[in-house]
file run16.cif (mmCIF, C-alpha atoms)
data_run
loop_
_atom_site.label_atom_id
_atom_site.label_comp_id
_atom_site.auth_asym_id
_atom_site.auth_seq_id
_atom_site.Cartn_x
_atom_site.Cartn_y
_atom_site.Cartn_z
CA MET A 177 23.43 3.72 48.68
CA PRO A 178 25.02 3.21 45.22
CA LEU A 179 23.24 1.26 42.53
CA LYS A 180 23.56 -2.51 42.59
CA VAL A 181 22.61 -5.19 40.08
CA TYR A 182 20.35 -7.94 41.31
CA LYS A 183 18.08 -10.66 39.93
CA ARG A 184 14.38 -10.97 40.58
CA THR A 185 12.87 -14.41 40.96
CA ASP A 186 10.04 -13.64 38.55
CA SER A 187 12.18 -12.31 35.67
CA GLU A 188 15.14 -13.41 33.61
CA LYS A 189 16.30 -9.81 33.17
CA LEU A 190 18.55 -8.18 35.72
CA TYR A 191 17.57 -5.03 37.62
CA VAL A 192 19.38 -2.11 39.25
CA ARG A 193 18.36 -0.69 42.59
CA GLY A 194 19.71 1.98 44.90
CA THR A 195 19.81 5.70 45.69
CA VAL A 196 22.06 8.31 44.09
CA LYS A 197 22.03 11.98 45.15
CA GLY A 198 18.75 11.42 46.95
CA GLN A 199 17.02 9.82 43.95
CA SER A 200 15.81 6.24 44.37
CA ILE A 201 16.11 3.96 41.34
CA TYR A 202 14.47 0.62 40.72
CA GLU A 203 14.47 -0.35 37.05
CA SER A 204 15.24 -3.10 34.60
CA THR A 205 18.56 -3.18 32.78
CA GLY A 206 16.83 -4.75 29.80
CA THR A 207 19.28 -7.67 29.71
CA ALA A 208 20.05 -10.96 31.43
CA ASP A 209 23.76 -10.68 30.66
CA PRO A 210 25.70 -9.77 33.87
CA ARG A 211 28.37 -7.84 31.94
CA GLN A 212 25.84 -5.75 30.03
CA ALA A 213 23.86 -5.21 33.21
CA GLU A 214 26.98 -3.92 34.99
CA GLU A 215 27.68 -1.53 32.11
CA TYR A 216 24.12 -0.29 32.37
CA ARG A 217 24.51 0.21 36.14
CA ALA A 218 27.74 2.20 35.78
CA LYS A 219 26.31 4.41 33.04
CA ARG A 220 23.04 5.01 34.89
CA GLU A 221 24.84 5.87 38.13
CA ALA A 222 27.08 8.36 36.32
CA GLU A 223 24.01 10.00 34.74
CA LEU A 224 22.32 10.35 38.12
CA TRP A 225 25.40 11.92 39.67
CA GLN A 226 25.68 14.37 36.78
CA GLU A 227 21.99 15.17 36.96
CA GLY A 228 22.19 15.73 40.69
CA ILE A 229 25.07 18.18 40.31
CA TYR A 230 24.22 20.02 37.04
CA GLY A 231 20.46 19.49 36.72
CA LYS A 232 18.30 17.30 34.49
CA ARG A 233 19.01 19.25 31.31
CA ALA A 234 22.60 18.03 31.47
CA VAL A 235 21.62 14.42 30.89
CA VAL A 236 18.31 14.26 28.97
CA THR A 237 18.85 12.58 25.63
CA PHE A 238 16.98 12.94 22.37
CA ALA A 239 15.66 9.41 22.79
CA HIS A 240 14.15 10.34 26.16
CA ALA A 241 12.60 13.54 24.76
CA ILE A 242 11.13 11.86 21.71
CA THR A 243 9.57 9.13 23.86
CA ALA A 244 7.92 11.73 26.07
CA TYR A 245 6.82 13.70 23.00
CA LEU A 246 5.07 10.68 21.51
CA GLU A 247 3.43 9.77 24.80
CA ALA A 248 2.13 13.30 25.42
CA GLU A 249 -0.56 13.14 22.73
CA PRO A 250 -1.42 11.25 19.52
CA ARG A 251 0.85 12.01 16.56
CA SER A 252 0.15 11.37 12.88
CA ASP A 253 1.73 8.45 11.04
CA ALA A 254 3.74 10.91 8.93
CA THR A 255 5.10 12.60 12.06
CA LYS A 256 6.04 9.24 13.55
CA ALA A 257 7.89 8.28 10.37
CA TYR A 258 9.93 11.50 10.46
CA LEU A 259 10.66 11.08 14.17
CA LEU A 260 11.81 7.51 13.70
CA ARG A 261 14.49 8.66 11.27
CA LEU A 262 15.57 11.40 13.66
CA LEU A 263 15.75 8.88 16.51
CA ALA A 264 17.95 6.58 14.46
CA TYR A 265 20.39 9.44 13.92
CA PHE A 266 20.36 11.41 17.19
CA GLY A 267 19.62 8.46 19.48
CA THR A 268 21.26 8.99 22.87
CA ILE A 269 22.81 12.37 22.02
CA ARG A 270 22.08 14.85 24.81
CA LEU A 271 19.65 17.61 23.93
CA SER A 272 22.17 20.23 24.99
CA ASP A 273 24.56 18.95 22.31
CA ILE A 274 22.11 19.37 19.40
CA ASP A 275 22.98 22.59 17.57
CA GLN A 276 23.13 23.96 14.02
CA THR A 277 26.14 21.80 13.21
CA SER A 278 24.22 18.72 14.34
CA LEU A 279 21.28 19.75 12.15
CA ASP A 280 23.50 20.23 9.10
CA GLN A 281 25.00 16.79 9.64
CA ALA A 282 21.52 15.31 10.05
CA TYR A 283 20.54 16.62 6.61
CA ARG A 284 23.52 14.79 5.10
CA HIS A 285 22.83 11.57 6.96
CA ILE A 286 19.04 11.32 6.87
CA LEU A 287 18.03 12.71 3.47
CA ARG A 288 18.52 10.80 0.24
CA ASP A 289 20.12 13.81 -1.45
CA GLY A 290 21.97 14.85 1.68
CA ALA A 291 22.98 18.49 1.88
CA GLU A 292 21.79 18.92 -1.72
CA ALA A 293 18.17 18.09 -0.85
CA ASN A 294 15.73 20.83 -1.72
CA PRO A 295 14.92 23.29 1.08
CA ALA A 296 11.29 22.17 1.39
CA THR A 297 12.40 18.57 2.01
CA LYS A 298 14.89 19.69 4.65
CA VAL A 299 12.24 21.67 6.48
CA ARG A 300 9.49 19.05 6.24
CA SER A 301 11.54 15.92 6.95
CA VAL A 302 14.15 17.11 9.45
CA LEU A 303 13.91 20.67 10.76
CA THR A 304 10.21 20.83 11.63
CA PRO A 305 9.97 17.53 13.55
CA LEU A 306 13.30 18.17 15.29
CA ARG A 307 12.24 21.64 16.36
CA SER A 308 8.89 20.31 17.62
CA VAL A 309 10.61 17.81 19.92
CA LEU A 310 13.10 20.39 21.20
CA GLU A 311 10.33 22.96 21.81
CA PHE A 312 8.49 20.28 23.77
CA ALA A 313 11.64 19.58 25.79
CA ALA A 314 12.40 23.28 26.36
CA ILE A 315 8.97 23.81 27.95
CA ARG A 316 9.92 21.10 30.43
CA LYS A 317 13.29 22.79 31.02
CA TRP A 318 15.26 19.89 29.59
CA CYS A 319 17.10 22.17 27.16
CA ASP A 320 17.17 25.71 25.81
CA ARG A 321 14.66 26.74 23.15
CA PRO A 322 15.95 25.63 19.73
CA ALA A 323 17.48 28.21 17.40
CA PHE A 324 18.23 27.01 13.87
CA ASP A 325 18.69 28.55 10.46
CA LYS A 326 15.69 27.75 8.29
CA PRO A 327 16.47 26.93 4.65
CA ARG A 328 14.96 29.51 2.34
CA ILE A 329 12.16 27.92 0.34
CA PRO A 330 11.68 29.53 -3.08
CA THR A 331 8.15 30.72 -3.74
CA GLY A 332 6.69 28.42 -6.34
CA ARG A 333 4.05 29.27 -8.89
CA THR A 334 0.62 28.03 -7.85
CA ILE A 335 -1.08 26.12 -10.65
CA TYR A 336 -4.71 26.66 -11.62
CA LEU A 337 -6.64 24.84 -14.30
CA ARG A 338 -9.32 26.21 -16.58
CA PRO A 339 -12.68 24.42 -16.85
CA GLU A 340 -11.86 22.78 -20.17
CA GLN A 341 -8.57 21.45 -18.76
CA VAL A 342 -10.35 19.98 -15.75
CA THR A 343 -12.92 18.32 -18.01
CA LEU A 344 -10.17 16.84 -20.16
CA LEU A 345 -8.33 15.57 -17.07
CA ILE A 346 -11.43 13.88 -15.64
CA ASP A 347 -12.41 12.40 -19.01
CA ASN A 348 -9.01 10.68 -19.18
CA ALA A 349 -9.05 9.40 -15.58
CA ALA A 350 -9.86 5.83 -14.58
CA VAL A 351 -13.57 5.21 -13.99
CA HIS A 352 -13.23 4.83 -10.22
CA LEU A 353 -11.26 8.11 -9.97
CA LYS A 354 -13.73 10.30 -11.87
CA PRO A 355 -16.15 10.93 -8.95
CA LEU A 356 -13.24 11.71 -6.63
CA LEU A 357 -11.78 14.24 -9.06
CA VAL A 358 -15.16 15.87 -9.61
CA PHE A 359 -15.46 16.19 -5.82
CA LEU A 360 -11.98 17.71 -5.44
CA PHE A 361 -12.40 20.29 -8.18
CA GLY A 362 -16.03 21.00 -7.29
CA THR A 363 -15.62 21.51 -3.52
CA GLY A 364 -11.99 22.47 -2.86
CA ALA A 365 -11.69 19.68 -0.31
CA ARG A 366 -8.22 18.56 0.65
CA MET A 367 -7.26 15.07 -0.46
CA SER A 368 -7.29 13.75 3.10
CA GLU A 369 -10.73 15.27 3.72
CA ALA A 370 -12.11 13.63 0.56
CA LEU A 371 -10.63 10.19 1.13
CA GLU A 372 -11.82 10.10 4.74
CA LEU A 373 -15.34 11.28 3.84
CA ASP A 374 -18.05 8.92 5.11
CA TRP A 375 -21.54 8.61 3.68
CA ALA A 376 -22.93 9.44 7.12
CA CYS A 377 -21.53 12.95 6.60
CA VAL A 378 -23.08 13.48 3.16
CA ASP A 379 -26.50 15.07 2.62
CA LEU A 380 -27.27 14.88 -1.10
CA ARG A 381 -30.70 16.44 -0.71
CA GLY A 382 -29.34 19.35 1.29
CA ARG A 383 -26.24 19.52 -0.95
CA ARG A 384 -23.91 19.57 2.04
CA ALA A 385 -21.07 17.43 3.39
CA VAL A 386 -19.05 17.51 6.59
CA VAL A 387 -15.31 16.91 6.40
CA TRP A 388 -12.66 16.94 9.10
CA GLN A 389 -9.50 18.98 8.98
CA LYS A 390 -6.19 17.63 10.24
CA GLN A 391 -6.56 19.74 13.40
CA GLY A 392 -9.77 17.82 14.12
CA ASN A 393 -12.00 20.75 13.20
CA GLU A 394 -15.36 20.10 11.57
CA ARG A 395 -15.88 21.85 8.23
CA HIS A 396 -19.13 22.08 6.27
CA ILE A 397 -18.82 22.25 2.49
CA ASP A 398 -21.48 22.98 -0.11
CA LEU A 399 -21.97 20.50 -2.93
CA PRO A 400 -22.72 22.07 -6.32
CA PRO A 401 -25.12 20.19 -8.63
CA ARG A 402 -22.36 18.53 -10.65
CA VAL A 403 -20.78 17.10 -7.50
CA CYS A 404 -24.17 15.89 -6.20
CA ALA A 405 -24.88 14.13 -9.50
CA SER A 406 -21.46 12.49 -9.42
CA LEU A 407 -21.93 11.26 -5.85
CA ALA A 408 -25.43 10.01 -6.62
CA SER A 409 -23.97 7.77 -9.34
CA LEU A 410 -21.87 5.83 -6.83
CA PRO A 411 -23.24 2.36 -5.93
CA ASN A 412 -22.42 2.35 -2.20
CA ARG A 413 -24.25 4.34 0.47
CA ASP A 414 -22.37 3.39 3.64
CA GLY A 415 -18.79 3.58 4.80
CA ARG A 416 -16.24 5.56 2.86
CA VAL A 417 -17.57 7.49 -0.13
CA PHE A 418 -14.47 7.14 -2.30
CA ARG A 419 -12.88 3.72 -2.56
CA PRO A 420 -9.85 2.31 -4.38
CA VAL A 421 -9.79 -0.36 -7.04
CA ARG A 422 -7.34 -3.11 -6.20
CA ALA A 423 -6.11 -6.14 -8.09
CA ARG A 424 -7.48 -9.41 -6.79
CA LYS A 425 -6.44 -13.02 -7.22
CA PRO A 426 -9.44 -15.23 -7.91
CA ARG A 427 -9.07 -18.73 -9.22
CA ASN A 428 -8.35 -17.60 -12.75
CA GLY A 429 -5.74 -15.10 -11.51
CA GLN A 430 -7.46 -12.10 -13.06
CA GLY A 431 -9.84 -9.35 -12.05
CA ARG A 432 -10.13 -6.26 -9.88
CA GLU A 433 -12.23 -5.37 -6.87
CA ILE A 434 -13.36 -2.30 -4.99
CA GLY A 435 -11.62 -1.82 -1.63
CA GLU A 436 -13.26 -0.54 1.54
CA ALA A 437 -11.06 2.54 1.90
CA TYR A 438 -7.86 4.13 0.71
CA SER A 439 -4.86 3.35 2.87
CA GLY A 440 -3.75 6.07 5.24
CA ASN A 441 -0.57 7.99 4.47
CA GLY A 442 -0.48 10.40 7.39
CA ARG A 443 -2.75 12.87 5.62
CA THR A 444 -0.04 13.82 3.17
CA SER A 445 -1.16 15.03 -0.22
CA GLY A 446 -2.16 12.84 -3.13
CA GLY A 447 -0.02 9.74 -2.68
CA GLN A 448 -2.91 7.28 -2.79
CA ILE A 449 -3.87 8.21 -6.36
CA LYS A 450 -0.40 9.07 -7.61
CA SER A 451 -0.31 6.60 -10.51
CA GLY A 452 -3.87 7.17 -11.69
CA TRP A 453 -3.42 10.93 -11.48
CA ALA A 454 -0.22 10.83 -13.53
CA VAL A 455 -1.85 8.71 -16.24
CA ALA A 456 -4.83 11.06 -16.48
CA CYS A 457 -2.57 14.13 -16.69
CA ARG A 458 -0.44 12.55 -19.40
CA LYS A 459 -3.45 11.54 -21.50
CA ALA A 460 -4.97 14.99 -21.03
CA GLY A 461 -1.81 16.60 -22.38
CA LEU A 462 -1.02 18.51 -19.19
CA PRO A 463 2.64 19.55 -18.73
CA GLY A 464 5.13 17.37 -16.90
CA ARG A 465 8.43 15.56 -17.22
CA VAL A 466 9.60 12.00 -17.68
CA ARG A 467 11.67 10.74 -14.76
CA VAL A 468 14.17 8.03 -15.67
CA TRP A 469 16.02 6.02 -13.04
CA THR A 470 17.63 2.65 -12.46
CA PRO A 471 16.26 0.78 -9.44
CA LYS A 472 18.83 -0.36 -6.90
CA GLY A 473 20.19 -3.77 -7.75
CA GLN A 474 18.87 -3.69 -11.32
CA GLU A 475 20.46 -2.87 -14.65
CA LYS A 476 17.39 -1.93 -16.67
CA SER A 477 16.18 1.64 -16.25
CA LYS A 478 12.57 2.63 -15.65
CA SER A 479 10.67 5.76 -16.58
CA VAL A 480 7.51 7.43 -15.29
CA PHE A 481 5.61 10.58 -16.21
CA VAL A 482 5.63 13.18 -13.42
CA PRO A 483 2.97 15.86 -14.03
CA ASN A 484 3.52 19.47 -13.00
CA VAL A 485 -0.05 19.49 -11.67
CA THR A 486 -0.66 17.76 -8.33
CA PRO A 487 -3.94 16.63 -6.75
CA HIS A 488 -3.67 19.55 -4.31
CA ASP A 489 -3.86 21.91 -7.28
CA ALA A 490 -7.53 20.92 -7.51
CA ARG A 491 -8.02 22.95 -4.31
CA HIS A 492 -6.14 25.91 -5.80
CA THR A 493 -8.27 25.65 -8.92
CA TRP A 494 -11.51 25.59 -6.92
CA ALA A 495 -10.41 28.66 -4.94
CA SER A 496 -9.55 30.64 -8.09
CA TRP A 497 -12.93 29.69 -9.59
CA GLN A 498 -14.81 30.79 -6.47
CA TYR A 499 -13.15 34.19 -6.39
CA CYS A 500 -13.89 34.59 -10.08
CA LEU A 501 -17.58 33.99 -9.26
CA HIS A 502 -18.13 36.16 -6.16
CA LYS A 503 -15.01 38.33 -5.64
CA ASP A 504 -15.25 37.91 -1.85
CA LEU A 505 -12.03 36.94 -0.03
CA MET A 506 -13.65 36.61 3.40
CA ARG A 507 -16.27 34.26 2.01
CA LEU A 508 -13.56 32.27 0.25
CA LYS A 509 -11.58 32.03 3.51
CA ALA A 510 -14.61 30.66 5.35
CA ASP A 511 -15.70 28.27 2.59
CA GLY A 512 -12.20 26.88 2.12
CA GLY A 513 -11.38 26.50 5.80
CA TRP A 514 -8.20 28.59 5.74
CA GLY A 515 -6.85 29.98 9.00
CA ASN A 516 -5.83 33.41 7.75
CA ILE A 517 -6.73 35.87 5.01
CA THR A 518 -3.11 36.16 3.82
CA THR A 519 -3.20 32.65 2.37
CA VAL A 520 -6.42 33.42 0.52
CA THR A 521 -5.21 36.62 -1.15
CA ARG A 522 -3.12 34.68 -3.67
CA TYR A 523 -6.32 33.46 -5.29
CA ALA A 524 -7.55 36.95 -6.09
CA LYS A 525 -7.67 37.84 -9.79
CA VAL A 526 -5.81 34.76 -11.02
CA MET A 527 -8.76 33.41 -13.02
CA PRO A 528 -9.85 35.90 -15.71
CA ASP A 529 -13.51 36.91 -15.75
CA ALA A 530 -13.72 35.53 -19.31
CA TYR A 531 -14.03 32.02 -17.79
CA ARG A 532 -16.90 32.89 -15.43
CA ASN A 533 -19.66 31.40 -17.58
CA GLU A 534 -17.62 28.24 -18.18
CA ILE A 535 -17.12 27.81 -14.43
CA ILE A 536 -20.85 28.28 -13.81
CA GLU A 537 -21.65 25.69 -16.46
CA TRP A 538 -19.06 23.22 -15.13
CA LEU A 539 -20.40 23.42 -11.58
CA GLY A 540 -24.00 23.36 -12.79
CA ILE A 541 -25.00 26.33 -10.64
CA ASN A 542 -27.26 29.29 -11.34
CA ALA A 543 -25.53 32.58 -12.10
#
call {"tool": "encode", "arguments": {"input": "run16.cif", "output": "structure tokens"}}
result
Amino acid sequence: MPLKVYKRTDSEKLYVRGTVKGQSIYESTGTADPRQAEEYRAKREAELWQEGIYGKRAVVTFAHAITAYLEAEPRSDATKAYLLRLLAYFGTIRLSDIDQTSLDQAYRHILRDGAEANPATKVRSVLTPLRSVLEFAAIRKWCDRPAFDKPRIPTGRTIYLRPEQVTLLIDNAAVHLKPLLVFLFGTGARMSEALELDWACVDLRGRRAVVWQKQGNERHIDLPPRVCASLASLPNRDGRVFRPVRARKPRNGQGREIGEAYSGNGRTSGGQIKSGWAVACRKAGLPGRVRVWTPKGQEKSKSVFVPNVTPHDARHTWASWQYCLHKDLMRLKADGGWGNITTVTRYAKVMPDAYRNEIIEWLGINA
């Protein structure tokens, strides 16, 4: 029988019930308004007829696919943020209608710089999450496998710092950031691995720590003497190892306090220490640029120093130092937790042997 709208005694919202093309439906319309409920009924009945004739892929929308994608397994906060923007744009568009033209229009609508956004931003913020949802849907035969042009991302120059530059950077960092920076440069840990490090996973006597990669894999890292000494100077011995300093509001309105943990940012790189990092780089004389902009709704412009060096470059620096010390790419791959040797080859021969003794001294290890 066709779908009909009816009211349940235990709910203010109206429901639809019936059978279309052999499929029984019993669901809420999401509204108590009879007119809106009738519109819902007519639309839902048309979808069921179309699905019964042409198959499910003819009617599955992006909203449906993205809901199933999120329910299938846990997703990171960063992924959810990207998907939310895609949902706001694609909404109830059918999966079969999403093509290259739709993607190009999404760039213009979703990204701040529209079609002029840099290729890496297009790939990270739009193409990759969109493709993931469509691949998920294609496996379930809701649509064809996605085929899109991928923006060409220029190969950027990887930045490495010499020991004296690292020392200068750390010397100019805020007191609470110094141990974190020593840890990053001394172990090659990713920012997310460092900020999520718990004291329960640190063995100062054994000079070893356990960190967790974004895939959930356990990774053991060696702690050179300088890193051990830096960690030993920290006052806390439980909970998170590295903690932020936040402004507080006591009675006199002044003061700062140590937080319990850095806020999560979806395991993206370096955002939690962005300001402190920039200040340290500027004071250390590292290269960068001054960004000037006028905030929306204001007339007075603001400026901020944007260093060329990022916190993730600490990992690149560590890798170049390690290869300079032992000249072993397979060992570097294992120690750094990389998935393939191709990624590791870029660290070969980038740090001249002339800096070997300085690296040994900085880490505090025996030659």
call {"tool": "resolve_selection", "arguments": {"input": "run16.cif", "expression": "the PyMOL selection byres ((chain A and resi 470-482) around 12)", "output": "number ranges by chain"}}
result
A: 450-459, 461-469, 483-486
call {"tool": "residues_around", "arguments": {"input": "run16.cif", "residues": "stretch 497-499 of chain A", "least_positions_apart": "2", "cutoff": "10 Å", "atoms": "all atoms listed in the file", "output": "number ranges by chain"}}
result
A: 336-339, 361-364, 491-495, 501-505, 507-508, 511-512, 520-521, 523-529, 531-532, 534-536, 539
call {"tool": "write_last_selection", "arguments": {"input": "run16.cif", "atoms": "C-alpha atoms", "output": "mmCIF file, in the coordinates of the input"}}
result
data_model
loop_
_atom_site.group_PDB
_atom_site.id
_atom_site.type_symbol
_atom_site.label_atom_id
_atom_site.label_comp_id
_atom_site.auth_asym_id
_atom_site.auth_seq_id
_atom_site.Cartn_x
_atom_site.Cartn_y
_atom_site.Cartn_z
ATOM 1 C CA TYR A 336 -4.710 26.660 -11.620
ATOM 2 C CA LEU A 337 -6.640 24.840 -14.300
ATOM 3 C CA ARG A 338 -9.320 26.210 -16.580
ATOM 4 C CA PRO A 339 -12.680 24.420 -16.850
ATOM 5 C CA PHE A 361 -12.400 20.290 -8.180
ATOM 6 C CA GLY A 362 -16.030 21.000 -7.290
ATOM 7 C CA THR A 363 -15.620 21.510 -3.520
ATOM 8 C CA GLY A 364 -11.990 22.470 -2.860
ATOM 9 C CA ARG A 491 -8.020 22.950 -4.310
ATOM 10 C CA HIS A 492 -6.140 25.910 -5.800
ATOM 11 C CA THR A 493 -8.270 25.650 -8.920
ATOM 12 C CA TRP A 494 -11.510 25.590 -6.920
ATOM 13 C CA ALA A 495 -10.410 28.660 -4.940
ATOM 14 C CA LEU A 501 -17.580 33.990 -9.260
ATOM 15 C CA HIS A 502 -18.130 36.160 -6.160
ATOM 16 C CA LYS A 503 -15.010 38.330 -5.640
ATOM 17 C CA ASP A 504 -15.250 37.910 -1.850
ATOM 18 C CA LEU A 505 -12.030 36.940 -0.030
ATOM 19 C CA ARG A 507 -16.270 34.260 2.010
ATOM 20 C CA LEU A 508 -13.560 32.270 0.250
ATOM 21 C CA ASP A 511 -15.700 28.270 2.590
ATOM 22 C CA GLY A 512 -12.200 26.880 2.120
ATOM 23 C CA VAL A 520 -6.420 33.420 0.520
ATOM 24 C CA THR A 521 -5.210 36.620 -1.150
ATOM 25 C CA TYR A 523 -6.320 33.460 -5.290
ATOM 26 C CA ALA A 524 -7.550 36.950 -6.090
ATOM 27 C CA LYS A 525 -7.670 37.840 -9.790
ATOM 28 C CA VAL A 526 -5.810 34.760 -11.020
ATOM 29 C CA MET A 527 -8.760 33.410 -13.020
ATOM 30 C CA PRO A 528 -9.850 35.900 -15.710
ATOM 31 C CA ASP A 529 -13.510 36.910 -15.750
ATOM 32 C CA TYR A 531 -14.030 32.020 -17.790
ATOM 33 C CA ARG A 532 -16.900 32.890 -15.430
ATOM 34 C CA GLU A 534 -17.620 28.240 -18.180
ATOM 35 C CA ILE A 535 -17.120 27.810 -14.430
ATOM 36 C CA ILE A 536 -20.850 28.280 -13.810
ATOM 37 C CA LEU A 539 -20.400 23.420 -11.580
#
call {"tool": "resolve_selection", "arguments": {"input": "run16.cif", "expression": "the PyMOL selection byres ((chain A and resi 261) around 12)", "output": "PyMOL selection string"}}
result
chain A and resi 239+242+254-260+262-267+282-283+285-288+301-302+305-306
call {"tool": "atom_distance", "arguments": {"input": "run16.cif", "atom1": "atom CA of A:Met367", "atom2": "atom CA of A:His488"}}
result
6.9 Å
call {"tool": "residues_around", "arguments": {"input": "run16.cif", "residues": "stretch 189-200 of chain A", "least_positions_apart": "2", "cutoff": "6 Å", "atoms": "only C-alpha atoms", "output": "VMD selection string"}}
result
chain A and resid 177 to 183 187 202 to 205 207 to 208 228
call {"tool": "atom_distance", "arguments": {"input": "run16.cif", "atom1": "atom CA of A:Ile541", "atom2": "atom CA of A:Asn516"}}
result
27.5 Å
call {"tool": "atom_distance", "arguments": {"input": "run16.cif", "atom1": "atom CA of A:Ala370", "atom2": "atom CA of A:Val417"}}
result
8.2 Å
call {"tool": "resolve_selection", "arguments": {"input": "run16.cif", "expression": "the PyMOL selection byres ((chain A and resi 404) around 12)", "output": "list of chain:residue names"}}
result
A:Pro355, A:Leu356, A:Val358, A:Phe359, A:Gly362, A:Thr363, A:Val378, A:Asp379, A:Leu380, A:Arg381, A:Gly382, A:Arg383, A:Arg384, A:Ala385, A:Asp398, A:Leu399, A:Pro400, A:Pro401, A:Arg402, A:Val403, A:Ala405, A:Ser406, A:Leu407, A:Ala408, A:Ser409, A:Leu410, A:Leu539, A:Gly540, A:Ile541
call {"tool": "closest_residue", "arguments": {"input": "run16.cif", "among": "A:Ile329, A:Ala248, A:Ile315, A:Ala218", "to": "A:Arg300", "atoms": "all atoms listed in the file"}}
result
A:Ile329
call {"tool": "closest_residue", "arguments": {"input": "run16.cif", "among": "A:Leu271, A:Val309, A:Leu279, A:Ala213", "to": "A:Thr243", "atoms": "only C-alpha atoms"}}
result
A:Val309
call {"tool": "closest_residue", "arguments": {"input": "run16.cif", "among": "A:Ala244, A:Ile274, A:Ala291, A:Ala365", "to": "A:Trp514", "atoms": "only C-alpha atoms"}}
result
A:Ala365
